>>> print(open('coords-v2.cif').read())   # mmCIF, C-alpha atoms
data_run
#
loop_
_atom_site.label_atom_id
_atom_site.label_comp_id
_atom_site.auth_asym_id
_atom_site.auth_seq_id
_atom_site.Cartn_x
_atom_site.Cartn_y
_atom_site.Cartn_z
CA ASN A 1137 22.81 -2.54 4.01
CA ALA A 1138 23.08 -6.16 2.86
CA ALA A 1139 26.57 -6.51 4.37
CA ILE A 1140 25.34 -5.16 7.71
CA ALA A 1141 22.33 -7.49 7.56
CA GLY A 1142 24.61 -10.41 6.70
CA VAL A 1143 22.75 -11.32 3.50
CA LYS A 1144 23.89 -11.90 -0.05
CA VAL A 1145 23.06 -9.53 -2.90
CA LYS A 1146 21.99 -10.19 -6.47
CA LYS A 1147 24.62 -9.35 -9.05
CA VAL A 1148 23.36 -8.45 -12.54
CA GLU A 1149 26.04 -8.38 -15.25
CA PHE A 1150 25.69 -7.15 -18.84
CA GLY A 1151 27.37 -5.05 -21.51
CA ILE A 1152 26.19 -1.61 -22.61
CA SER A 1153 27.42 1.19 -24.88
CA ALA A 1154 27.69 4.71 -23.50
CA VAL A 1155 29.78 7.87 -23.80
CA SER A 1156 31.31 7.50 -20.31
CA GLU A 1157 31.39 5.24 -17.26
CA ASP A 1158 28.91 7.47 -15.40
CA ALA A 1159 26.60 7.50 -18.41
CA ALA A 1160 26.86 3.69 -18.63
CA CYS A 1161 25.70 3.28 -14.99
CA ASN A 1162 22.94 5.86 -15.42
CA LEU A 1163 21.79 4.13 -18.62
CA ALA A 1164 21.82 0.76 -16.83
CA PHE A 1165 19.51 2.02 -14.05
CA ILE A 1166 17.28 3.87 -16.54
CA THR A 1167 16.95 0.78 -18.75
CA MET A 1168 16.14 -1.44 -15.75
CA GLN A 1169 13.85 1.32 -14.41
CA LEU A 1170 15.45 1.12 -10.99
CA THR A 1171 16.87 3.84 -8.77
CA SER A 1172 20.46 3.62 -7.69
CA GLY A 1173 19.58 4.09 -3.98
CA THR A 1174 21.67 1.55 -2.07
CA ASN A 1175 22.33 -0.49 -5.23
CA VAL A 1176 25.91 -0.36 -6.53
CA CYS A 1177 27.05 -0.05 -10.13
CA ASP A 1178 30.54 -1.18 -11.06
CA VAL A 1179 31.56 -0.33 -14.62
CA ARG A 1180 34.63 -1.31 -16.63
CA GLU A 1181 35.52 -0.64 -20.20
CA SER A 1182 35.06 -3.82 -22.17
CA SER A 1183 38.29 -5.45 -23.20
CA GLY A 1184 38.71 -6.77 -26.72
CA ARG A 1185 35.92 -4.67 -28.15
CA LEU A 1186 36.37 -1.87 -30.58
CA ARG A 1187 35.74 1.65 -29.42
CA HIS A 1188 33.17 3.58 -31.43
CA LEU A 1189 33.62 7.24 -32.20
CA THR A 1190 30.79 8.37 -29.92
CA ALA A 1191 30.41 5.50 -27.47
CA THR A 1192 32.39 2.85 -25.69
CA ASN A 1193 31.27 -0.61 -24.70
CA TYR A 1194 31.25 -1.15 -20.94
CA ASP A 1195 30.83 -4.21 -18.78
CA ILE A 1196 28.36 -3.37 -16.04
CA SER A 1197 27.88 -5.13 -12.72
CA VAL A 1198 24.94 -3.93 -10.65
CA LEU A 1199 24.68 -5.17 -7.08
CA ILE A 1200 21.03 -5.25 -6.03
CA ASP A 1201 20.20 -4.75 -2.35
CA PRO A 1202 17.48 -7.32 -1.48
CA ALA A 1203 16.07 -4.96 1.17
CA GLU A 1204 15.40 -2.37 -1.55
CA ILE A 1205 14.58 -4.52 -4.61
CA ASN A 1206 12.54 -7.73 -4.21
CA ASP A 1207 12.73 -10.70 -6.61
CA SER A 1208 9.61 -9.63 -8.51
CA THR A 1209 10.99 -6.15 -9.21
CA LEU A 1210 14.36 -7.63 -10.21
CA SER A 1211 12.60 -9.99 -12.63
CA GLU A 1212 10.79 -7.01 -14.20
CA ALA A 1213 14.12 -5.14 -14.51
CA LEU A 1214 15.71 -8.12 -16.28
CA THR A 1215 12.73 -8.28 -18.65
CA LYS A 1216 13.22 -4.58 -19.46
CA LEU A 1217 16.91 -5.18 -20.19
CA ALA A 1218 16.00 -8.05 -22.53
CA ALA A 1219 13.41 -5.85 -24.26
CA ALA A 1220 16.19 -3.30 -24.87
CA GLY A 1221 18.32 -6.01 -26.48
CA VAL A 1222 20.64 -6.41 -23.49
CA SER A 1223 21.57 -9.92 -22.40
CA ALA A 1224 22.17 -10.11 -18.62
CA THR A 1225 23.24 -12.80 -16.17
CA THR A 1226 22.43 -12.88 -12.45
CA SER A 1227 24.08 -14.49 -9.45
CA GLU A 1228 24.09 -14.22 -5.65
CA VAL A 1229 27.29 -12.84 -4.16
CA ASP A 1230 28.78 -11.70 -0.86
CA PRO A 1231 28.62 -7.88 -0.94
CA ILE A 1232 31.89 -7.41 0.95
CA MET A 1233 33.81 -9.68 -1.43
CA GLU A 1234 32.41 -7.69 -4.35
CA LEU A 1235 33.47 -4.41 -2.77
CA LYS A 1236 37.02 -5.73 -2.43
CA LEU A 1237 37.08 -6.47 -6.20
CA ILE A 1238 36.28 -2.91 -7.29
CA PRO A 1239 39.43 -1.40 -8.85
CA GLY A 1240 40.86 1.56 -6.96
CA ILE A 1241 38.93 0.94 -3.76
CA ASP A 1242 40.80 1.26 -0.47
CA VAL A 1243 40.79 -2.38 0.69
CA SER A 1244 41.72 -1.38 4.26
CA ARG A 1245 38.46 0.58 4.48
CA VAL A 1246 36.53 -2.40 3.14
CA VAL A 1247 38.20 -4.64 5.75
CA SER A 1248 37.30 -2.13 8.49
CA PHE A 1249 33.74 -2.06 7.16
CA GLU A 1250 33.71 -5.87 7.12
CA VAL A 1251 34.70 -5.98 10.81
CA ASP A 1252 31.97 -3.48 11.68
CA ALA A 1253 29.39 -5.34 9.57
CA THR A 1254 30.29 -8.67 11.19
CA ALA A 1255 29.93 -7.08 14.64
CA ALA A 1256 26.54 -5.63 13.62
CA VAL A 1257 25.34 -9.04 12.40
CA ALA A 1258 26.48 -10.66 15.69
CA ALA A 1259 24.81 -7.94 17.77
CA ALA A 1260 21.56 -8.31 15.81
CA ALA A 1261 21.65 -12.09 16.31
CA GLN A 1262 22.25 -11.69 20.06
CA ALA A 1263 19.41 -9.19 20.33
CA ALA A 1264 17.06 -11.52 18.47
CA GLN A 1265 18.09 -14.43 20.70
CA ALA A 1266 17.61 -12.36 23.87
CA GLN A 1267 14.20 -11.25 22.69
CA ALA A 1268 13.20 -14.84 21.94
CA MET A 1269 14.28 -15.96 25.40
CA GLU A 1270 12.36 -13.28 27.26
CA THR A 1271 9.57 -14.72 29.30
CA LEU A 1272 6.09 -13.49 28.90
CA PRO A 1273 4.78 -11.27 31.68
CA PRO A 1274 2.90 -13.09 34.41
CA PRO A 1275 -0.81 -13.45 33.88
CA PRO A 1276 -2.97 -10.83 35.55
CA SER A 1277 -4.09 -11.63 39.09
CA PRO A 1278 -7.66 -12.82 39.51
CA PRO A 1279 -10.27 -10.20 40.37
CA PRO A 1280 -11.17 -9.76 44.07
CA PRO A 1281 -14.07 -11.89 45.31
CA MET A 1282 -17.51 -10.40 44.92
CA PRO A 1283 -19.05 -9.26 48.24
CA LEU A 1284 -22.08 -11.26 49.35
CA PRO A 1285 -25.35 -9.34 49.26
CA LYS A 1286 -26.65 -8.21 52.68
CA MET A 1287 -29.37 -10.46 54.00
CA GLU A 1288 -32.00 -8.82 56.19
CA PRO A 1289 -33.74 -10.98 58.74
CA PRO A 1290 -37.16 -12.10 57.59
CA ALA A 1291 -40.15 -10.13 58.83
CA PRO A 1292 -42.21 -11.87 61.47
CA SER A 1293 -44.98 -13.89 59.95
CA THR A 1294 -48.58 -13.20 60.90
CA VAL A 1295 -49.83 -16.29 59.16
CA TYR A 1296 -49.63 -19.48 61.20
CA ASP A 1297 -48.90 -22.70 59.57
CA ASP A 1298 -50.29 -26.03 60.74
CA GLU A 1299 -47.62 -26.59 63.38
CA SER A 1300 -48.01 -23.20 65.03
CA SER A 1301 -51.82 -23.60 64.91
CA ALA A 1302 -51.59 -26.96 66.68
CA ALA A 1303 -49.56 -25.37 69.46
CA ALA A 1304 -52.20 -22.66 69.86
CA ARG A 1305 -55.18 -25.15 70.11
CA PRO A 1306 -54.70 -26.19 73.77
CA ARG A 1307 -54.70 -22.56 74.84
CA THR A 1308 -57.83 -21.88 72.85
CA PHE A 1309 -59.49 -24.91 74.41
CA LEU A 1310 -58.52 -23.80 77.91
CA CYS A 1311 -59.84 -20.33 77.23
CA LEU A 1312 -63.18 -21.76 76.09
CA VAL A 1313 -63.39 -23.97 79.19
CA ALA A 1314 -62.63 -21.01 81.45
CA PHE A 1315 -65.27 -18.89 79.70
CA ALA A 1316 -67.88 -21.63 79.99
CA THR A 1317 -67.09 -22.09 83.65
CA LEU A 1318 -67.44 -18.41 84.24
CA LEU A 1319 -70.81 -18.40 82.53
CA VAL A 1320 -71.99 -21.30 84.66
CA CYS A 1321 -70.82 -19.58 87.83
CA LEU A 1322 -72.52 -16.36 86.98
CA SER A 1323 -75.81 -17.90 86.24
#
>>> encode(input="coords-v2.cif", output="structure tokens")
Amino acid sequence: NAAIAGVKVKKVEFGISAVSEDAACNLAFITMQLTSGTNVCDVRESSGRLRHLTATNYDISVLIDPAEINDSTLSEALTKLAAAGVSATTSEVDPIMELKLIPGIDVSRVVSFEVDATAAVAAAAQAAQAQAMETLPPPPSPPPPMPLPKMEPPAPSTVYDDESSAAARPRTFLCLVAFATLLVCLS
């Protein structure tokens, strides 16, 4: 996973006694209280050390995938190793280079994997760049204008204001004059 992501891995190295190589790796993960998952254990019989009747000393290298084990969990694992009397060293390494160093591994397969991993890293970078360059969708269009409320014509007014009353005064005066004249003529 780390090789495909293009990131380095943590390498934890220490010595341990066990009855076999498989037992040494299992004991390493049990002592650190980690699961093997995508983490890799490389084990070699220690050189220059005496072999015991029931156990052999092994040099262990555990490659920790940073996507699976964060720094806090790794720190706890190192503390557990120290509590078990195991002295460990850590470093950051290129996972592909470490795979090439494993004895008995088919280097041509590692090289093929390296080409595929490099292509995956490039494709992921291109995808991230394309996503970053995408423009945001256009803003939504404004809502349609609100229709104006219907205005009904005002009802005719039956109340006269001062101006309309002034216009009606000459007619009223003429009517009064005509009525008075009629009364005079009839009398």
>>> residues_around(input="coords-v2.cif", residues="Cys1161 of chain A", least_positions_apart="3", cutoff="8 Å", atoms="all atoms listed in the file", output="JSON, numbers by chain")
{"A": [1157, 1158, 1164, 1165, 1177, 1178, 1179, 1196]}
>>> residues_near_point(input="coords-v2.cif", point="(23.8, -4.3, -23.3)", cutoff="8 Å", atoms="only C-alpha atoms", output="list in words")
Phe1150, Gly1151, Ile1152, Ser1153, Leu1217, Ala1220, Gly1221, Val1222, Ser1223 and Ala1224 of chain A
>>> atom_distance(input="coords-v2.cif", atom1="atom CA of Ala1160 of chain A", atom2="atom CA of Ser1197 of chain A")
10.7 Å
>>> atom_distance(input="coords-v2.cif", atom1="atom CA of Ala1256 of chain A", atom2="atom CA of Asp1230 of chain A")
15.9 Å
>>> resolve_selection(input="coords-v2.cif", expression="the PyMOL selection byres ((chain A and resi 1167-1175) around 6)", output="PDB file with C-alpha atoms, in the frame of the given file")
ATOM      1  CA  LEU A1163      21.790   4.130 -18.620  1.00  0.00           C
ATOM      2  CA  ALA A1164      21.820   0.760 -16.830  1.00  0.00           C
ATOM      3  CA  PHE A1165      19.510   2.020 -14.050  1.00  0.00           C
ATOM      4  CA  ILE A1166      17.280   3.870 -16.540  1.00  0.00           C
ATOM      5  CA  VAL A1176      25.910  -0.360  -6.530  1.00  0.00           C
ATOM      6  CA  LEU A1199      24.680  -5.170  -7.080  1.00  0.00           C
ATOM      7  CA  ILE A1200      21.030  -5.250  -6.030  1.00  0.00           C
ATOM      8  CA  ASP A1201      20.200  -4.750  -2.350  1.00  0.00           C
ATOM      9  CA  ALA A1213      14.120  -5.140 -14.510  1.00  0.00           C
ATOM     10  CA  LYS A1216      13.220  -4.580 -19.460  1.00  0.00           C
ATOM     11  CA  LEU A1217      16.910  -5.180 -20.190  1.00  0.00           C
TER      12      LEU A1217
END
>>> atom_distance(input="coords-v2.cif", atom1="atom CA of Ile1140 of chain A", atom2="atom CA of Glu1250 of chain A")
8.4 Å
